[in-house]
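Novice: Quick one: this structure, given as structure tokens, is what I'll be asking you about.
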There are 2 protein chains.
Amino acid sequence: MEISRNSCLTLDQDDALAELRDEFNLPANMIYLDGNSLGAQPKAALSRAQQVIANEWGQDLITSWNKAGWFDLPSRLGNLLAPLIGAEQDEVVVTDTTSINLFKAIAAALHQQASSKENEHRKVIITERSNFPTDIYMAEGLTRWLDRGYRLHLIDSPDELASVLNHDTALLMLTHVNYRTGYMHDMEAVTALAHQHGALVCWDLAHSAGAVPVALNQANADYAVGCCYKYLNGGPGAPAFIWVPRRHQEQFQHPLTGWWGHATPFAMQPNFVATQGIRRALCGTQAIVSQAMIEPGLNIFAQTNMDAIRRKSLALTDLFIQLVESRCAKHALELVTPRAHQERGSQVSLRHEHAYAVIQALIERGVIGDYREPGIMRFGFTPLYTRFVDVWDAVEILRDILDSKSYRTDIQRNAVT
Amino acid sequence: MEISRNSCLTLDQDDALAELRDEFNLPANMIYLDGNSLGAQPKAALSRAQQVIANEWGQDLITSWNKAGWFDLPSRLGNLLAPLIGAEQDEVVVTDTTSINLFKAIAAALHQQASSKENEHRKVIITERSNFPTDIYMAEGLTRWLDRGYRLHLIDSPDELASVLNHDTALLMLTHVNYRTGYMHDMEAVTALAHQHGALVCWDLAHSAGAVPVALNQANADYAVGCCYKYLNGGPGAPAFIWVPRRHQEQFQHPLTGWWGHATPFAMQPNFVATQGIRRALCGTQAIVSQAMIEPGLNIFAQTNMDAIRRKSLALTDLFIQLVESRCAKHALELVTPRAHQERGSQVSLRHEHAYAVIQALIERGVIGDYREPGIMRFGFTPLYTRFVDVWDAVEILRDILDSKSYRTDIQRNAVT
């Protein structure tokens, strides 16, 4: 059957997740395909902010650390998030930034390897050159400072993994879904491969949590970090999360030993003693207002499940690919994202000679995607609030822009896109 | 002249800062003397939150990184804060937590010492055993991980400084105003003394910023960090700040090298190159909603100046001490905070056998102070919203509780006080 705008409207009518769109404050006349960069605002976030600011902060003041559960918020949010990534209760905390959580996880992994006679010689951290840069930078920063012979090995393709993993590998550190291409690793297979070589594995779930089903414990992964402001809709720059499975928690040690990770933070002892459990991944006092903004998004996920989200995500990205290839066939758009479902996250990336200019033209027409170096247009599909008809309309606008060449190739780049 | 409630009311009538109290949302029937733990809520914070959440996030979405200046927020807030601590423009950023900023500063100081032939042998970090614990823990965490012979030397009194500073000292790390006693160091003299011995000096301004005049550049200090949720009224767990004077910025290097500290964060390069200037103290993506909550508080400070605040602060703490000593004379309350103005921050701490129980009784009567181990009642005086009559009423309630022994010594301790 040929796809039409009407058939897309029918898909929306039959969509079991359709009503969840009402949970979000979305701008009129905009097709927002950038939830992989900044998730949309849950309507409930505004009343939650009012409660935190006017009541908990304004009226209850210092007593809110206990009474409103501020001190427990990193754990409570972590427990709400856990089911979305295949984690158990008390294995996740929401805290700090993805970068800083990655620093803790890398440090803990290196420490764990260095603590065993059998593995102390392992000095290599493997990651992808195409990984999100901050992941590479954090590993670079840590290894340079430790100055104990650790080195980064950057691979150019996942195909290299089988040959580069060996008895020198301390840690394999990968982003599950690539931010630029949307390529998704097989977490279970890659973890098993790394473990065969005695390496630990840390997964960055920035583009996975809330986007695709993740089964950390089933995959026997060692550490994970991730972002709450993309598919989880936790607000701009929302605090990030870190997962440490129960089996590694006791030996989880990192240098960011702040008072929130202390066994008795209010005993004011002059020596650091790490608390038991996942809260040893905490460091300083957490940004409570931003933390509180994460809960409304997680509550929306609690109304559905990741399998339903995945089904719609694949339907949306399949539809987008199919429409781009049929309706924009005469334009040189190269599909960068894998066609195979098992290798695809919840985004579609297209390469085009004038990618940056075309993205700007799309934005002017109300279709919000984004640009990533080099030469890639990136479109995120967020099943909680993206409709099938949005996909149709977005492709029609893309087609019109390309057909009419109504994009400005002389356009200046913004600092942040 | 004898002090009376009426004379306190007269002091309030004559108080040049009195009208600033209207800028805050304060609970009725509460005397809040805990602004040194969590500052009160500026009324403007609520409308600012609404703007950030409903408009910038909800409607403008990803474009707000540029359009609403989210990406620049750490610098913009840093520049607003700078005049309060004697810093220049582009020397301060608001980011992460005090603990993590301290980690960066300690790391940078050790790096700077290690980079010069003359100073590379310096291996000792001096601080006070009575320093806020997280400061000690962060130094402990960093030095243990570096494993290069660095060690912490904890002193028990500032008087030891002259004898313990020597040619092995890499860094002197002090909290300017002690969280427990309210003792204030002479920043200029202590910095000069440390410099005579070739040590660098890092100041923690958690209990100074917005509380007492600070002149970082005049004191020729080397690094400073501090907290935005106490006297600066930036909201629960508000992001912290870090100051690096222009003369040290080029050699400011630390291991938390995230993408926000990169020279070209959006070029997505696989190697870290630190940006120039203070933004190299940034690491990951910042919690924007919590950052935004800091500006309303700073705007209130812009209506006055630190000298006026200091005058009222000393008048408030003098009055409190005088009233406690005259009206509670028969009770064994020991003044822990220095009597000398030049050694006093903006708090008064009293030791009492049943300090915890008395604090709980005060809280039940609407006087909010807090308890700190061991045996100390702590009262913060925040000139922007504390009235002289509040001081009178607080002491009368304290007197009544002590006179009538209406406190429960069997009371259970809360996890967070």
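Ordered as shown in the structure tokens, chains take letters A, B, and onward, while each chain numbers its residues from 1 and ligands are numbered from 1 in the order shown.
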Taking a cut-off of 7 Å and counting only C-alpha atoms, can you build a table that, for each residue of chain A near chain B, reports the nearest atom pair and how far apart they are in Å (one decimal), sorted by chain then residue number, as a tab-separated table?

Specialist:
residue	atom	partner	partner_atom	distance
A:Asn25	CA	B:Gly58	CA	5.8
A:Leu26	CA	B:Gly58	CA	6.3
A:Pro27	CA	B:Gln59	CA	5.1
A:Leu38	CA	B:Ile62	CA	5.9
A:Ala40	CA	B:Gly58	CA	6.4
A:Gln41	CA	B:Gly58	CA	5.0
A:Leu46	CA	B:Ile53	CA	6.5
A:Gln50	CA	B:Leu46	CA	6.7
A:Ile53	CA	B:Leu46	CA	6.5
A:Ala54	CA	B:Leu46	CA	6.9
A:Trp57	CA	B:Gln41	CA	6.4
A:Gly58	CA	B:Gln41	CA	5.0
A:Gln59	CA	B:Pro27	CA	5.1
A:Leu61	CA	B:Leu38	CA	6.9
A:Ile62	CA	B:Leu38	CA	5.9
A:Trp65	CA	B:Val416	CA	6.7
A:Asn66	CA	B:Val416	CA	6.4
A:Thr97	CA	B:Gly284	CA	5.7
A:Thr98	CA	B:Gly284	CA	6.8
A:Ser99	CA	B:Gly284	CA	5.3
A:Ile100	CA	B:Gly284	CA	7.0
A:Arg129	CA	B:Pro270	CA	6.2
A:Pro133	CA	B:Pro270	CA	5.6
A:Thr134	CA	B:Trp259	CA	4.8
A:Ile136	CA	B:Pro270	CA	6.6
A:Tyr137	CA	B:Phe272	CA	5.4
A:Met138	CA	B:Thr257	CA	5.4
A:Gly141	CA	B:Pro255	CA	4.4
A:Leu142	CA	B:Pro255	CA	5.4
A:Trp145	CA	B:Pro255	CA	6.1
A:Leu146	CA	B:Leu146	CA	5.7
A:Pro236	CA	B:Ile288	CA	5.6
A:Gly237	CA	B:Ala287	CA	4.3
A:Ala238	CA	B:Ala287	CA	5.1
A:Pro239	CA	B:Ala287	CA	6.2
A:Pro255	CA	B:Gly141	CA	4.4
A:Leu256	CA	B:Gly141	CA	6.1
A:Thr257	CA	B:Met138	CA	5.4
A:Gly258	CA	B:Thr134	CA	5.0
A:Trp259	CA	B:Thr134	CA	4.8
A:Phe266	CA	B:Val416	CA	6.8
A:Ala267	CA	B:Glu373	CA	6.5
A:Met268	CA	B:Pro133	CA	5.7
A:Gln269	CA	B:Pro133	CA	6.4
A:Pro270	CA	B:Pro133	CA	5.6
A:Asn271	CA	B:Tyr137	CA	6.5
A:Phe272	CA	B:Tyr137	CA	5.4
A:Cys283	CA	B:Ser99	CA	7.0
A:Gly284	CA	B:Ser99	CA	5.2
A:Thr285	CA	B:Gly237	CA	5.4
A:Gln286	CA	B:Gly237	CA	5.0
A:Ala287	CA	B:Gly237	CA	4.2
A:Ile288	CA	B:Gly237	CA	5.4
A:Val289	CA	B:Ser290	CA	5.4
A:Ser290	CA	B:Ser290	CA	5.2
A:Glu373	CA	B:Ala267	CA	6.6
A:Val416	CA	B:Asn66	CA	6.4

Novice: May I have the residues within 12 Å of Ala211 in chain B as a ChimeraX atom specification, using only C-alpha atoms and disregarding those fewer than 4 positions away in the same chain?

Specialist: /B:35-37,39,84-85,176-177,182,184,205-207,226-233,301,305-314,344-347,380-384

Novice: Interatomic distance between CA of Ala302 in chain B and CA of Leu17 in chain B?

Specialist: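 Straight-line distance from CA of Ala302 in chain B to CA of Leu17 in chain B works out to 12.2 Å.
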
Novice: Calculate how many Å separate CA of His185 in chain A from CA of Leu323 in chain A, rounding to one decimal.

Specialist: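 Going from CA of His185 in chain A over to CA of Leu323 in chain A covers 25.5 Å.
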
Novice: Quick check for you: according to DSSP on this backbone, which residues of range 91-199 of chain A are classed as helix (DSSP H, G or I)? Reply as a ChimeraX atom specification.

Specialist: /A:98-114,133-146,158-164,187-196

Novice: One decimal, Å: what's the distance from CA of Val367 in chain B over to CA of Ala209 in chain B, could you say?

Specialist: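 So the answer is 23.9 Å.
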
Novice: Which is closer to Gly375 in chain A than all the others in A:His153, A:His195, A:Arg180, A:His331, using only C-alpha atoms?

Specialist: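 Closest candidate: A:Arg180.
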
Novice: Quick one: DSSP strand (DSSP E) residues in range 279-403 of chain B, as a PyMOL selection string?

Specialist: chain B and resi 334-335+347-351+367-368+370-372+376-380

Novice: Find the residues near Gln112 in chain A: any atom within 10 Å, counting only C-alpha atoms, skip ones fewer than 2 places away on the same chain, and give them as a list in words.

Specialist: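 Near neighbours after the sequence-gap exclusion: Ile106, Ala107, Ala108, Ala109, Leu110, Ala114, Ser115, Ser116, Asn119, Glu120, Ala170, Leu200, His248, Gln251, Phe252 and Gln253 of chain A.
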
Novice: Excluding range 155-166 of chain B and its own-chain neighbours fewer than 5 positions away, which residues fall within 12 Å of it when counting only C-alpha atoms? Please give them as a ChimeraX atom specification.

Specialist: /A:270 /B:119,121-131,136,171-176,178,183-187,189-201,343
